[in-house]
Each structure stands twice: as C-alpha cells, then as structure tokens.
$ cat work05.cif   # mmCIF, C-alpha atoms and all ligand atoms
data_data
#
loop_
_atom_site.label_atom_id
_atom_site.label_comp_id
_atom_site.auth_asym_id
_atom_site.auth_seq_id
_atom_site.Cartn_x
_atom_site.Cartn_y
_atom_site.Cartn_z
CA MET M 1195 0.00 0.00 0.00
CA ASN M 1196 2.74 2.47 0.89
CA ASP M 1197 4.32 1.91 -2.52
CA ILE M 1198 1.11 2.77 -4.31
CA LEU M 1199 0.58 5.88 -2.21
CA GLU M 1200 4.11 7.05 -2.88
CA GLN M 1201 3.83 6.43 -6.57
CA PHE M 1202 0.47 8.23 -6.87
CA PRO M 1203 0.37 11.16 -4.44
CA ILE M 1204 -3.32 11.88 -5.11
CA LEU M 1205 -4.11 8.49 -3.58
CA GLN M 1206 -2.45 9.62 -0.37
CA GLU M 1207 -5.20 12.23 -0.04
CA VAL M 1208 -7.82 9.74 -1.13
CA SER M 1209 -6.64 7.28 1.50
CA GLU M 1210 -7.09 9.96 4.17
CA GLY M 1211 -10.75 10.25 3.17
CA ARG M 1212 -10.30 13.73 1.72
CA GLU M 1213 -12.18 15.04 -1.31
CA VAL M 1214 -10.06 15.18 -4.45
CA ILE M 1215 -10.22 16.32 -8.05
CA TRP M 1216 -8.44 14.22 -10.64
CA ILE M 1217 -7.90 15.35 -14.20
CA ASN M 1218 -7.15 12.44 -16.51
CA PRO M 1219 -3.62 12.90 -17.90
CA ASP M 1220 -4.31 10.22 -20.52
CA LEU M 1221 -7.40 11.77 -22.10
CA GLN M 1222 -7.37 11.28 -25.86
CA ALA M 1223 -9.29 12.81 -28.74
CA ALA M 1224 -12.64 11.02 -28.87
CA GLN M 1225 -11.98 9.34 -32.18
CA ASP M 1226 -8.76 7.74 -30.94
CA GLY M 1227 -9.92 7.07 -27.40
CA LEU M 1228 -13.08 5.26 -28.42
CA SER M 1229 -11.26 2.66 -30.44
CA HIS M 1230 -10.12 0.85 -27.26
CA CYS M 1231 -13.56 -0.42 -26.40
CA GLY M 1232 -14.33 -2.92 -29.14
CA LEU M 1233 -17.86 -1.53 -29.38
CA SER M 1234 -19.13 1.04 -31.84
CA LEU M 1235 -21.88 3.52 -32.55
CA ALA M 1236 -23.55 0.82 -34.65
CA ASP M 1237 -23.78 -1.37 -31.54
CA ILE M 1238 -25.55 1.44 -29.68
CA GLU M 1239 -27.95 1.96 -32.58
CA GLU M 1240 -28.70 -1.76 -32.63
CA ALA M 1241 -29.53 -1.62 -28.92
CA ASP M 1242 -31.80 1.35 -29.54
CA GLU M 1243 -33.63 -0.55 -32.28
CA ARG M 1244 -34.04 -3.55 -30.00
CA LEU M 1245 -35.64 -1.33 -27.34
CA ARG M 1246 -38.02 0.02 -29.99
CA ARG M 1247 -39.05 -3.52 -30.96
CA PHE M 1248 -39.88 -4.20 -27.33
CA ALA M 1249 -41.85 -0.97 -26.84
CA PRO M 1250 -45.30 -2.55 -27.40
CA LEU M 1251 -44.52 -5.27 -24.87
CA LEU M 1252 -43.40 -2.67 -22.32
CA VAL M 1253 -46.65 -0.74 -22.74
CA HIS M 1254 -48.46 -4.04 -22.13
CA CYS M 1255 -46.44 -4.89 -18.98
CA PHE M 1256 -46.14 -1.36 -17.60
CA PRO M 1257 -49.05 0.92 -18.53
CA GLU M 1258 -47.13 3.90 -17.11
CA THR M 1259 -44.89 3.72 -20.19
CA GLU M 1260 -47.86 4.43 -22.49
CA PRO M 1261 -47.31 8.23 -22.75
CA LEU M 1262 -43.86 7.66 -24.32
CA HIS M 1263 -45.15 4.66 -26.32
CA GLY M 1264 -43.11 2.11 -24.40
CA ILE M 1265 -39.83 4.00 -24.64
CA ILE M 1266 -38.35 4.46 -21.17
CA GLU M 1267 -36.78 7.92 -21.23
CA SER M 1268 -36.33 10.76 -18.76
CA PRO M 1269 -36.84 14.52 -18.87
CA LEU M 1270 -33.98 16.96 -19.35
CA VAL M 1271 -34.82 20.14 -17.47
CA GLU M 1272 -33.09 23.40 -16.70
CA ILE M 1273 -32.65 24.06 -12.96
CA PRO M 1274 -31.85 27.79 -12.71
CA ASN M 1275 -32.86 28.12 -9.06
CA MET M 1276 -30.57 25.31 -7.97
CA LYS M 1277 -27.81 26.86 -10.05
CA ARG M 1278 -28.22 30.17 -8.24
CA ARG M 1279 -28.32 28.43 -4.85
CA LEU M 1280 -25.16 26.38 -5.42
CA LEU M 1281 -23.09 28.69 -7.54
CA GLY M 1282 -24.44 32.24 -7.46
CA ASP M 1283 -22.85 33.75 -10.55
CA GLU M 1284 -19.74 31.57 -10.40
CA MET M 1285 -20.91 29.45 -13.32
CA THR M 1286 -21.92 30.74 -16.72
CA GLY M 1287 -23.90 28.65 -19.18
CA LYS M 1288 -26.91 26.53 -18.29
CA LEU M 1289 -27.32 23.93 -15.55
CA LEU M 1290 -29.50 21.03 -16.67
CA LEU M 1291 -30.76 18.00 -14.78
CA LYS M 1292 -31.07 14.67 -16.63
CA GLN M 1293 -33.77 13.03 -14.58
CA ASP M 1294 -33.02 9.33 -14.81
CA SER M 1295 -34.29 9.43 -11.25
CA HIS M 1296 -37.70 9.55 -12.89
CA LEU M 1297 -37.28 6.77 -15.45
CA ALA M 1298 -40.39 4.59 -15.58
CA VAL M 1299 -40.48 1.11 -14.03
CA ALA M 1300 -37.22 1.20 -12.02
CA GLY M 1301 -36.89 4.87 -10.92
CA SER M 1302 -33.16 4.95 -11.60
CA ILE M 1303 -30.52 4.90 -14.33
CA LYS M 1304 -30.59 1.10 -13.97
CA ALA M 1305 -33.81 1.14 -16.00
CA ARG M 1306 -31.57 1.73 -19.03
CA GLY M 1307 -29.01 -1.05 -18.68
CA GLY M 1308 -30.90 -3.56 -16.56
CA ILE M 1309 -34.10 -3.62 -18.55
CA TYR M 1310 -32.17 -3.68 -21.81
CA GLU M 1311 -30.19 -6.73 -20.75
CA VAL M 1312 -33.30 -8.66 -19.69
CA LEU M 1313 -34.95 -7.82 -23.02
CA LYS M 1314 -31.88 -8.82 -25.03
CA TYR M 1315 -31.78 -12.17 -23.27
CA THR M 1316 -35.52 -12.57 -23.79
CA GLU M 1317 -35.30 -11.87 -27.51
CA ASP M 1318 -32.48 -14.39 -27.97
CA LEU M 1319 -34.31 -17.03 -25.95
CA ALA M 1320 -37.68 -16.52 -27.65
CA ILE M 1321 -36.23 -16.56 -31.17
CA GLN M 1322 -34.18 -19.64 -30.39
CA HIS M 1323 -37.32 -21.46 -29.21
CA GLY M 1324 -39.44 -20.37 -32.15
CA LEU M 1325 -41.72 -18.15 -30.06
CA LEU M 1326 -40.80 -14.94 -31.84
CA ARG M 1327 -39.66 -13.55 -35.17
CA ARG M 1328 -38.04 -10.14 -35.45
CA GLU M 1329 -40.92 -8.84 -37.55
CA ASP M 1330 -43.61 -9.81 -34.99
CA SER M 1331 -45.13 -7.34 -32.61
CA TYR M 1332 -43.25 -8.25 -29.44
CA GLU M 1333 -46.44 -7.99 -27.42
CA VAL M 1334 -46.90 -11.69 -28.27
CA LEU M 1335 -44.29 -12.48 -25.62
CA ALA M 1336 -46.77 -11.54 -22.91
CA LYS M 1337 -48.47 -14.88 -23.65
CA HIS M 1338 -45.40 -16.92 -22.79
CA LYS M 1339 -45.02 -16.32 -19.08
CA GLU M 1340 -45.09 -20.03 -18.40
CA PHE M 1341 -42.24 -20.63 -20.82
CA PHE M 1342 -40.09 -17.90 -19.27
CA GLY M 1343 -40.96 -19.29 -15.84
CA GLN M 1344 -38.62 -22.21 -16.56
CA TYR M 1345 -35.71 -19.78 -16.57
CA LEU M 1346 -33.96 -17.95 -13.81
CA ILE M 1347 -32.38 -14.51 -14.02
CA GLN M 1348 -29.92 -13.58 -11.28
CA VAL M 1349 -27.98 -10.45 -10.41
CA GLY M 1350 -25.80 -9.03 -7.64
CA SER M 1351 -26.74 -5.53 -6.54
CA THR M 1352 -26.51 -2.74 -3.99
CA GLY M 1353 -30.21 -2.17 -4.66
CA ASN M 1354 -31.19 -0.35 -7.83
CA LEU M 1355 -29.86 -2.81 -10.39
CA GLY M 1356 -31.68 -5.54 -8.50
CA MET M 1357 -34.91 -3.53 -8.70
CA SER M 1358 -34.57 -2.97 -12.42
CA ILE M 1359 -33.67 -6.58 -13.26
CA GLY M 1360 -36.08 -8.04 -10.70
CA ILE M 1361 -39.12 -6.00 -11.71
CA MET M 1362 -38.57 -6.52 -15.45
CA SER M 1363 -37.83 -10.24 -15.12
CA ALA M 1364 -40.81 -10.90 -12.89
CA ALA M 1365 -43.13 -9.03 -15.27
CA LEU M 1366 -42.14 -11.37 -18.12
CA GLY M 1367 -42.64 -14.46 -15.97
CA TYR M 1368 -39.04 -15.35 -15.14
CA GLN M 1369 -37.93 -16.50 -11.74
CA ALA M 1370 -35.66 -13.76 -10.48
CA VAL M 1371 -33.02 -13.87 -7.76
CA VAL M 1372 -31.28 -10.75 -6.51
CA HIS M 1373 -28.13 -11.09 -4.41
CA MET M 1374 -28.13 -8.00 -2.23
CA SER M 1375 -25.07 -6.56 -0.55
CA ALA M 1376 -25.18 -5.36 3.05
CA ASP M 1377 -25.56 -1.77 1.79
CA ALA M 1378 -28.94 -2.43 0.20
CA ARG M 1379 -31.80 -0.60 1.88
CA GLN M 1380 -34.59 -2.64 3.47
CA TRP M 1381 -37.34 -0.97 1.42
CA LYS M 1382 -35.67 -2.10 -1.81
CA LYS M 1383 -35.68 -5.70 -0.61
CA ASP M 1384 -39.32 -5.40 0.51
CA LEU M 1385 -40.36 -3.94 -2.83
CA LEU M 1386 -38.69 -6.76 -4.74
CA ARG M 1387 -40.28 -9.42 -2.60
CA ARG M 1388 -43.68 -7.86 -3.29
CA HIS M 1389 -42.92 -8.40 -6.99
CA GLY M 1390 -42.26 -12.09 -6.31
CA VAL M 1391 -38.49 -11.77 -6.58
CA THR M 1392 -36.24 -13.91 -4.37
CA VAL M 1393 -33.87 -11.69 -2.40
CA VAL M 1394 -30.72 -13.26 -0.96
CA GLU M 1395 -29.06 -11.07 1.65
CA TYR M 1396 -25.34 -10.89 2.31
CA GLN M 1397 -23.46 -9.42 5.23
CA SER M 1398 -20.64 -8.55 2.86
CA ASP M 1399 -20.17 -5.89 0.25
CA TYR M 1400 -21.28 -5.66 -3.34
CA SER M 1401 -18.29 -7.43 -4.90
CA GLU M 1402 -18.98 -10.47 -2.74
CA ALA M 1403 -22.71 -10.48 -3.59
CA VAL M 1404 -21.81 -10.42 -7.28
CA LYS M 1405 -19.30 -13.22 -6.84
CA GLN M 1406 -21.80 -15.45 -5.04
CA GLY M 1407 -24.53 -14.71 -7.56
CA ARG M 1408 -22.22 -15.49 -10.46
CA LYS M 1409 -21.19 -18.77 -8.86
CA LEU M 1410 -24.71 -19.95 -8.01
CA SER M 1411 -26.00 -18.99 -11.44
CA GLY M 1412 -23.13 -20.85 -13.13
CA GLU M 1413 -24.26 -24.06 -11.45
CA ASP M 1414 -27.72 -23.94 -13.06
CA PRO M 1415 -28.03 -24.38 -16.87
CA ASN M 1416 -31.39 -22.59 -16.88
CA SER M 1417 -29.99 -19.57 -15.08
CA TYR M 1418 -28.72 -16.35 -16.66
CA PHE M 1419 -26.48 -14.03 -14.69
CA VAL M 1420 -26.48 -10.30 -15.33
CA ASP M 1421 -22.85 -9.50 -14.70
CA ASP M 1422 -22.60 -5.88 -13.62
CA GLU M 1423 -18.79 -6.05 -13.60
CA ASN M 1424 -18.40 -7.32 -17.17
CA SER M 1425 -21.59 -7.02 -19.16
CA GLN M 1426 -21.44 -5.42 -22.60
CA ASN M 1427 -25.22 -5.61 -22.83
CA LEU M 1428 -25.73 -3.48 -19.73
CA PHE M 1429 -23.15 -1.06 -21.06
CA LEU M 1430 -24.90 -0.71 -24.43
CA GLY M 1431 -28.28 -0.26 -22.76
CA TYR M 1432 -26.85 2.67 -20.80
CA ALA M 1433 -25.18 4.07 -23.90
CA VAL M 1434 -28.50 4.44 -25.73
CA ALA M 1435 -29.11 7.46 -23.46
CA ALA M 1436 -26.81 9.47 -25.73
CA LEU M 1437 -28.95 8.98 -28.86
CA ARG M 1438 -32.00 10.01 -26.90
CA LEU M 1439 -30.24 13.04 -25.42
CA LYS M 1440 -29.26 14.24 -28.87
CA GLU M 1441 -32.87 14.09 -29.98
CA GLN M 1442 -34.03 15.79 -26.79
CA LEU M 1443 -31.59 18.67 -27.25
CA ARG M 1444 -32.66 19.04 -30.87
CA ARG M 1445 -36.27 19.42 -29.78
CA GLN M 1446 -35.19 22.02 -27.22
CA ASN M 1447 -33.27 23.87 -29.95
CA ALA M 1448 -30.04 23.40 -28.03
CA ALA M 1449 -26.88 22.09 -29.64
CA ILE M 1450 -23.75 20.44 -28.35
CA ASP M 1451 -20.81 21.17 -30.62
CA ARG M 1452 -17.33 22.66 -30.54
CA GLU M 1453 -18.70 26.14 -29.83
CA HIS M 1454 -21.29 24.87 -27.34
CA PRO M 1455 -19.49 22.34 -25.15
CA ALA M 1456 -21.28 20.13 -22.65
CA PHE M 1457 -19.90 19.12 -19.25
CA VAL M 1458 -21.55 16.03 -17.84
CA TYR M 1459 -21.33 14.86 -14.22
CA LEU M 1460 -22.13 11.20 -13.52
CA PRO M 1461 -22.27 9.37 -10.16
CA CYS M 1462 -20.17 6.22 -10.36
CA GLY M 1463 -20.34 2.88 -8.55
CA VAL M 1464 -18.90 -0.13 -10.36
CA GLY M 1465 -18.78 1.99 -13.52
CA GLY M 1466 -21.29 0.40 -15.89
CA ALA M 1467 -23.93 3.11 -15.86
CA PRO M 1468 -21.70 6.21 -16.05
CA GLY M 1469 -19.28 4.34 -18.31
CA GLY M 1470 -21.97 3.31 -20.76
CA VAL M 1471 -23.47 6.80 -20.84
CA THR M 1472 -20.02 8.32 -21.35
CA PHE M 1473 -19.26 5.89 -24.15
CA GLY M 1474 -22.50 6.87 -25.86
CA LEU M 1475 -21.98 10.59 -25.34
CA LYS M 1476 -18.45 10.50 -26.73
CA GLN M 1477 -19.66 8.50 -29.75
CA VAL M 1478 -22.43 10.98 -30.44
CA PHE M 1479 -20.87 14.32 -29.46
CA GLY M 1480 -17.14 13.57 -29.72
CA ASP M 1481 -14.79 16.15 -28.26
CA ALA M 1482 -17.62 18.60 -27.62
CA VAL M 1483 -18.62 16.65 -24.52
CA HIS M 1484 -16.54 16.41 -21.34
CA CYS M 1485 -17.50 13.67 -18.88
CA PHE M 1486 -16.60 13.60 -15.18
CA PHE M 1487 -17.41 10.79 -12.74
CA VAL M 1488 -18.26 11.47 -9.10
CA GLU M 1489 -17.62 8.95 -6.32
CA PRO M 1490 -17.94 8.97 -2.51
CA THR M 1491 -14.75 9.67 -0.56
CA GLN M 1492 -14.97 6.24 1.11
CA ALA M 1493 -15.67 4.25 -2.09
CA PRO M 1494 -13.77 5.83 -5.01
CA CYS M 1495 -13.05 2.50 -6.68
CA MET M 1496 -13.06 3.70 -10.28
CA LEU M 1497 -10.72 6.54 -9.38
CA ALA M 1498 -8.27 4.14 -7.73
CA GLY M 1499 -8.43 1.89 -10.78
CA MET M 1500 -7.90 4.71 -13.26
CA VAL M 1501 -5.14 6.53 -11.40
CA THR M 1502 -3.08 3.37 -11.02
CA ASP M 1503 -4.21 1.68 -14.25
CA LEU M 1504 -4.80 -1.36 -12.05
CA HIS M 1505 -8.59 -1.22 -12.68
CA GLN M 1506 -10.28 -4.34 -11.24
CA GLN M 1507 -7.02 -5.39 -9.61
CA ILE M 1508 -7.33 -2.71 -6.93
CA CYS M 1509 -10.07 -2.13 -4.38
CA VAL M 1510 -10.64 0.78 -2.00
CA GLN M 1511 -9.74 -1.37 1.01
CA ASP M 1512 -6.27 -1.71 -0.53
CA ILE M 1513 -5.75 1.99 0.13
CA GLY M 1514 -7.18 1.93 3.62
CA LEU M 1515 -10.78 3.01 2.93
CA SER M 1516 -13.90 1.35 4.32
CA GLY M 1517 -16.06 1.30 1.18
CA ILE M 1518 -18.95 2.31 3.42
CA THR M 1519 -21.08 5.25 2.31
CA HIS M 1520 -24.60 6.64 2.65
CA ALA M 1521 -24.66 6.69 -1.17
CA ASP M 1522 -25.86 3.08 -1.36
CA GLY M 1523 -25.92 3.08 -5.18
CA LEU M 1524 -22.22 3.95 -5.19
CA ALA M 1525 -21.09 1.61 -2.41
CA VAL M 1526 -18.70 -0.41 -4.53
CA GLY M 1527 -15.16 -1.29 -3.48
CA ARG M 1528 -13.79 -2.74 -6.70
CA PRO M 1529 -14.40 -1.23 -10.16
CA SER M 1530 -15.30 -2.95 -13.40
CA GLY M 1531 -12.12 -3.66 -15.34
CA PHE M 1532 -14.05 -3.80 -18.60
CA VAL M 1533 -15.43 -0.31 -18.04
CA GLY M 1534 -12.21 1.17 -16.66
CA ASN M 1535 -10.19 -0.03 -19.63
CA SER M 1536 -12.81 1.02 -22.17
CA ILE M 1537 -13.51 4.45 -20.78
CA LYS M 1538 -10.26 5.79 -19.41
CA PRO M 1539 -9.08 7.23 -22.76
CA VAL M 1540 -12.25 9.36 -23.05
CA LEU M 1541 -12.96 10.30 -19.44
CA SER M 1542 -12.04 13.90 -18.58
CA GLY M 1543 -11.68 13.32 -14.86
CA GLU M 1544 -13.22 12.46 -11.53
CA VAL M 1545 -14.17 14.20 -8.32
CA THR M 1546 -14.97 12.67 -4.95
CA VAL M 1547 -17.55 13.88 -2.46
CA CYS M 1548 -18.11 13.28 1.25
CA ASP M 1549 -21.46 11.92 2.37
CA ALA M 1550 -22.56 14.93 4.43
CA VAL M 1551 -22.66 17.19 1.37
CA LEU M 1552 -25.01 14.80 -0.48
CA TYR M 1553 -27.81 15.54 1.96
CA ASP M 1554 -27.24 19.28 1.57
CA TYR M 1555 -27.66 18.95 -2.20
CA LEU M 1556 -30.72 16.78 -1.65
CA ARG M 1557 -32.37 19.48 0.51
CA ASP M 1558 -31.24 22.30 -1.79
CA LEU M 1559 -32.78 20.67 -4.85
CA MET M 1560 -36.05 20.00 -3.05
CA ASP M 1561 -36.09 23.53 -1.74
CA THR M 1562 -35.23 25.34 -4.99
CA GLU M 1563 -36.79 23.13 -7.66
CA GLY M 1564 -39.16 20.80 -5.78
CA ILE M 1565 -37.36 17.74 -7.16
CA PHE M 1566 -36.42 14.75 -5.00
CA LEU M 1567 -33.31 12.63 -5.64
CA GLU M 1568 -31.74 9.84 -3.60
CA PRO M 1569 -28.36 10.60 -1.97
CA SER M 1570 -26.31 8.69 -4.58
CA ALA M 1571 -27.79 10.77 -7.38
CA CYS M 1572 -26.96 14.01 -5.58
CA ALA M 1573 -23.27 13.20 -5.94
CA ALA M 1574 -23.49 14.55 -9.50
CA PHE M 1575 -23.95 18.11 -8.21
CA HIS M 1576 -20.52 17.98 -6.70
CA GLY M 1577 -19.06 17.68 -10.18
CA ALA M 1578 -20.71 20.94 -11.26
CA VAL M 1579 -19.71 22.72 -8.05
CA GLN M 1580 -16.10 21.66 -8.37
CA PHE M 1581 -16.08 22.60 -12.03
CA ALA M 1582 -17.01 26.14 -11.08
CA LYS M 1583 -14.69 26.42 -8.08
CA ALA M 1584 -11.64 24.18 -8.26
CA PRO M 1585 -8.31 25.35 -9.69
CA GLU M 1586 -7.75 21.91 -11.28
CA MET M 1587 -10.88 22.49 -13.37
CA LYS M 1588 -9.71 25.96 -14.38
CA SER M 1589 -6.51 24.37 -15.69
CA TYR M 1590 -8.61 21.83 -17.60
CA VAL M 1591 -10.59 24.63 -19.23
CA GLN M 1592 -7.36 26.38 -20.10
CA ARG M 1593 -5.66 23.29 -21.48
CA TYR M 1594 -8.51 22.45 -23.86
CA GLY M 1595 -9.12 26.03 -24.97
CA LEU M 1596 -12.60 26.23 -23.50
CA ARG M 1597 -12.48 29.54 -21.67
CA ASP M 1598 -14.26 31.66 -24.28
CA LYS M 1599 -16.91 28.98 -24.79
CA LEU M 1600 -18.15 28.71 -21.23
CA ASP M 1601 -20.92 31.29 -21.69
CA ASP M 1602 -22.47 28.98 -24.27
CA ALA M 1603 -21.83 25.75 -22.39
CA VAL M 1604 -24.33 23.39 -20.80
CA HIS M 1605 -23.62 21.52 -17.58
CA ILE M 1606 -25.61 18.32 -17.23
CA VAL M 1607 -26.03 16.86 -13.78
CA TRP M 1608 -26.99 13.22 -14.32
CA ALA M 1609 -29.57 12.47 -11.64
CA THR M 1610 -29.39 8.71 -11.35
CA GLY M 1611 -32.16 7.70 -8.97
CA GLY M 1612 -34.89 8.53 -6.50
CA ASN M 1613 -38.37 8.11 -7.84
CA LEU M 1614 -39.18 4.83 -6.09
CA VAL M 1615 -37.99 5.99 -2.65
CA PRO M 1616 -41.01 5.65 -0.29
CA ASP M 1617 -42.34 8.76 1.48
CA ASP M 1618 -41.06 7.88 4.95
CA ILE M 1619 -37.52 7.33 3.63
CA ARG M 1620 -37.70 10.63 1.72
CA GLU M 1621 -38.52 12.36 5.00
CA GLU M 1622 -35.63 10.58 6.67
CA TYR M 1623 -33.22 11.70 3.94
CA LEU M 1624 -34.50 15.27 4.01
CA HIS M 1625 -33.71 15.43 7.72
CA THR M 1626 -30.37 13.59 7.72
CA ARG M 1627 -27.44 15.76 8.81
CA LEU M 1628 -24.02 14.17 9.16
C1 LIG L 1 -26.02 2.12 -9.81
C2 LIG L 1 -26.12 3.56 -9.55
C3 LIG L 1 -25.13 4.45 -9.94
C4 LIG L 1 -23.82 4.03 -10.57
O1 LIG L 1 -23.88 3.03 -11.53
P1 LIG L 1 -22.71 1.95 -11.64
O2 LIG L 1 -23.04 1.18 -12.83
O3 LIG L 1 -22.73 1.14 -10.39
O4 LIG L 1 -21.44 2.73 -11.74
C5 LIG L 1 -25.34 5.77 -9.67
N1 LIG L 1 -26.45 6.21 -9.04
C6 LIG L 1 -27.43 5.39 -8.66
C7 LIG L 1 -28.63 5.94 -7.98
C8 LIG L 1 -27.30 4.03 -8.90
O5 LIG L 1 -28.28 3.21 -8.50
#
$ encode --input "work05.cif" --output "structure tokens" --more "lines below"
Ligand SMILES: *Cc1c(COP(=O)(O)O)cnc(C)c1O
Amino acid sequence: MNDILEQFPILQEVSEGREVIWINPDLQAAQDGLSHCGLSLADIEEADERLRRFAPLLVHCFPETEPLHGIIESPLVEIPNMKRRLLGDEMTGKLLLKQDSHLAVAGSIKARGGIYEVLKYTEDLAIQHGLLRREDSYEVLAKHKEFFGQYLIQVGSTGNLGMSIGIMSAALGYQAVVHMSADARQWKKDLLRRHGVTVVEYQSDYSEAVKQGRKLSGEDPNSYFVDDENSQNLFLGYAVAALRLKEQLRRQNAAIDREHPAFVYLPCGVGGAPGGVTFGLKQVFGDAVHCFFVEPTQAPCMLAGMVTDLHQQICVQDIGLSGITHADGLAVGRPSGFVGNSIKPVLSGEVTVCDAVLYDYLRDLMDTEGIFLEPSACAAFHGAVQFAKAPEMKSYVQRYGLRDKLDDAVHIVWATGGNLVPDDIREEYLHTRL
C-alpha cells in the first residue's frame, strides 16, 4: 500500500478520506480514445432498435410507459434556481438535470441497462425457441409467461440494479433472484419481494454479492447471470441514453458542438452506468462533450483503478478506505475492469464527495426546484460545483481552450435515482445531517 501511495500522491489524499479532483492525464481525442472499447456507434444503434421492438410489450407490462409509447426515457430540465443556490454567478452557461431518477419502471438509471439486458436475453431465448420472429409485434411475448418461468435470471446488486432486473424479469414471468449486498436498503428488498423476486441477503459488500450470484448462477443451466462487472449488454443499454439526449436537445433547440461544449457529471459505482453513458456521449458528441465521474470519498473504486491503471485489480480497502457510504448506489469497493479499460481514454476526470454534502444537495434541490433525488444521485452536483470552483478544473478549461466557450456551455447533472424511494424514507433523507 505504501508503494502505491508514494507512486500516486493523489491516492495519499484519497486514503485519508479527503475530497479530491483528478484530471485524466491520458485523455485522448474522442476518435482515438473510443477505439479501445471494441464496441461502436452501430452497436448502440442496434440496442436502440431492439428497445423500440420491445416498446409494445413494455406498454403491455407497464401501462405507465404508455405516454412515451413504451420508450423508457427521462426529462432533461433546466434548474436555474438550484444553479443560483449552489453557484451564485460563479458558473456561466446553463445547468441542466437529466432526470433518470424519474425513469419509468425502475426509478433509476438502472432502467436503461438492466431492462435492456433482460430484453436482449428474452429476444435471444424466444427466437431460439421459435416463439418470436423479429418482424412480430413483441407484445406476443406476454403470452409466454409459463415458458419464461422455466428460466432464472440472477444479479448481484446494492439495490437499484436488482430492482430494475427483478421487476422486469418478474413481469415477463421469469424466476428472479437478486443477491443483495449489506448496503442495500430494506425498502428495496421489501419492494422486490412484493414483486415475487427472491432476495438473498449478504453481510458482505457488493463485490462479494456479485461473486456469489455469479457462482450460483453458473451451477444452473437454466440460469442467466447479469454481470454488472463485465456485461457489454448493460453497457450498451446505458449508452442508448446518448442517442435520446441528442434528440431531446434538438427538440429544445439546443446544440452540443465545438462552440457549445457540454460538461456532464455522472455518479459512479462499479462503472457500468456512467461508463456506458459516457461511451455513448463521446460516440455521439465527440470532443464537444466532457465527462466527469463522481464517487464517494470512502468508495472511489473507479478513481483508484484509473489513477493506477490497475482497474479491477485494486479495491478501496487496498488503500485503507472502508467502502462504506450513505450513497448506497455507489457503495462499490472494486471497479469494473471492462469499463475502466474502455472508458479511461475518453474520461475527462473524476471528483470525490463526502457523504454529508449529499444531503445538503438533496435538501437544496427539493427547496429550490421541488425535485427529489436519492443521496447517490446528488453526488453529481458535486461535479458541477467543483467545475465552477476548483483550480484543477480551471486548468482543464485552459488546457482544452474552453475559456471563451463557457458562456455557451451546458452543464448536465446526471440524476441517477430517487423516484421509487417511499415517502417515509424521503422524509428521513430530508432530515439527515451528518
Ligand atoms: C447504480 C447507480 C449508480 C452508478 O452506476 P454503476 O453502474 O454502479 O457505476 C449511480 N447512481 C445510482 C442511484 C445508482 O443506482
């Protein structure tokens, strides 16, 4: 450990639990950086088309998706009052909130990746067994609950991925098993059990829950494991967000291009969700978009992996941190190696945030805009705040020649979850002071 801390001085601060700002020294031009991933824009477009094929089935299973015709997508709204509260006039340009917190069905960003992966598996299975042809209306699958009931879908989760996979799987008729880490909140387990999902509880952290789930699933030929640490399907499901965002901006007459840069702040756990979204954004907007991840000071696993280039070979406990955080969606000790390796060349940087501040952001947003987010999602605000205030960010702006473009910039805070949080827990969060 001492060797690592000596070699990477920023990790010394990280290991003391202090907030840090890390600018990626290895950032490449989008075109070059994206080639490391082995996936392309065409793969994202294929995922988008698959989701469109499933839209009629989603309307059937979840009537709340009817207004958007079975496409699960979230609003992008300007939050001027929150901007004034947090930043006064320290930030020019617009502050926008991407409300994945309000995605239908799962109430979090996991609705993108998790639901996509279940649907991809379902399509493969149904076609293979002659229950479906690509040209059919996929609503026919609603008749085959008994067939899907022979199959098991399993996942390891700190909570939200389990809800997305569990709710979607159960709706199609699958047996679903969610392996929940100790960080998972009780209400998430209760909600899943009400949907008929089997919840297995662990006293250990997320990495262990994933490991157990993967092992148990591997022993059963009728079981499919959604592998949050390695799944390309999850990643592509998340990446579709970028195509949708482009369309959304077009409808709002806003552009992202060289003269109108976008700065995007994404809360990060194991890396799949923010990594997939970043991959999509860089594919769609190239060098005009600048993505920053935000992690809790006690669980900055992706940061540790990126700084050292050790990726999944390092965990936060290796540098003396607990991995324990109020941001349950981000309580991950070991990052995805697949995501770290794919994304590092296109990630602008990372910031870390201490738990106490998350509740301040949570209250501020409720107070100024009347919008509720869960603590994990509030981490994204810290990216915007540090962008406006930190000297490291000023150097970034300087280095990439962005100074005269900031008046025309947009800052997108990616709100990753909150809509399913029950009222009593909302009250608890709104009154939590650390
Ligand atoms: C899962 C989650 C994240 C981070 O996603 P990862 O894929 O774990 O990096 C962020 N916010 C919330 C609310 C989440 O549930």
$ residues_around --input "work05.cif" --residues "M:Asn1196" --least-positions-apart "6" --cutoff "10 Å" --atoms "all atoms listed in the file" --output "list of chain:residue names"
M:Phe1202, M:Gln1206, M:Ile1513
$ atom_distance --input "work05.cif" --atom1 "atom CA of M:Arg1279" --atom2 "atom CA of M:Gln1492"
26.6 Å
$ residues_near_point --input "work05.cif" --point "(-20.3, 17.0, -31.2)" --cutoff "6 Å" --atoms "all atoms listed in the file" --output "NGL selection string"
:M and (1450-1451 or 1479-1480 or 1482)
$ closest_atom_pairs --input "work05.cif" --of "stretch 1241-1326 of chain M" --to "stretch 1421-1441 of chain M" --cutoff "6 Å" --atoms "only C-alpha atoms" --output "Markdown table"
| residue | atom | partner | partner_atom | distance |
| --- | --- | --- | --- | --- |
| M:Asp1242 | CA | M:Val1434 | CA | 5.9 |
| M:Arg1306 | CA | M:Tyr1432 | CA | 5.1 |
| M:Gly1307 | CA | M:Leu1428 | CA | 4.2 |
| M:Tyr1310 | CA | M:Gly1431 | CA | 5.3 |
| M:Glu1311 | CA | M:Asn1427 | CA | 5.5 |
$ residues_near_ligand --input "work05.cif" --ligand "ligand LIG 1 (chain L)" --cutoff "7 Å" --atoms "all atoms listed in the file" --output "VMD selection string"
chain M and resid 1302 to 1304 1353 to 1355 1461 to 1468 1523 to 1524 1568 1570 to 1571 1610 to 1612
$ closest_residue --input "work05.cif" --among "M:Ile1238, M:Ala1578, M:Met1374, M:Ala1305" --to "M:Ser1268" --atoms "only C-alpha atoms"
M:Ala1305
$ residues_around --input "work05.cif" --residues "M:Phe1487" --least-positions-apart "5" --cutoff "7 Å" --atoms "only C-alpha atoms" --output "PyMOL selection string"
chain M and resi 1459-1462+1543-1545
$ residues_around --input "work05.cif" --residues "M:Val1404" --least-positions-apart "2" --cutoff "9 Å" --atoms "all atoms listed in the file" --output "PyMOL selection string"
chain M and resi 1349-1351+1373-1375+1399-1402+1406-1409+1421-1423
$ decode --input "work05.cif" --residues "stretch 1598-1614 of chain M" --atoms "C-alpha atoms" --output "compact mmCIF listing (two decimals), in the first residue's frame"
# COMPACT_ATOMS: atom_id res chain seq x y z
CA ASP M 1598 -14.26 31.66 -24.28
CA LYS M 1599 -16.91 28.98 -24.79
CA LEU M 1600 -18.15 28.71 -21.23
CA ASP M 1601 -20.92 31.29 -21.69
CA ASP M 1602 -22.47 28.98 -24.27
CA ALA M 1603 -21.83 25.75 -22.39
CA VAL M 1604 -24.33 23.39 -20.80
CA HIS M 1605 -23.62 21.52 -17.58
CA ILE M 1606 -25.61 18.32 -17.23
CA VAL M 1607 -26.03 16.86 -13.78
CA TRP M 1608 -26.99 13.22 -14.32
CA ALA M 1609 -29.57 12.47 -11.64
CA THR M 1610 -29.39 8.71 -11.35
CA GLY M 1611 -32.16 7.70 -8.97
CA GLY M 1612 -34.89 8.53 -6.50
CA ASN M 1613 -38.37 8.11 -7.84
CA LEU M 1614 -39.18 4.83 -6.09
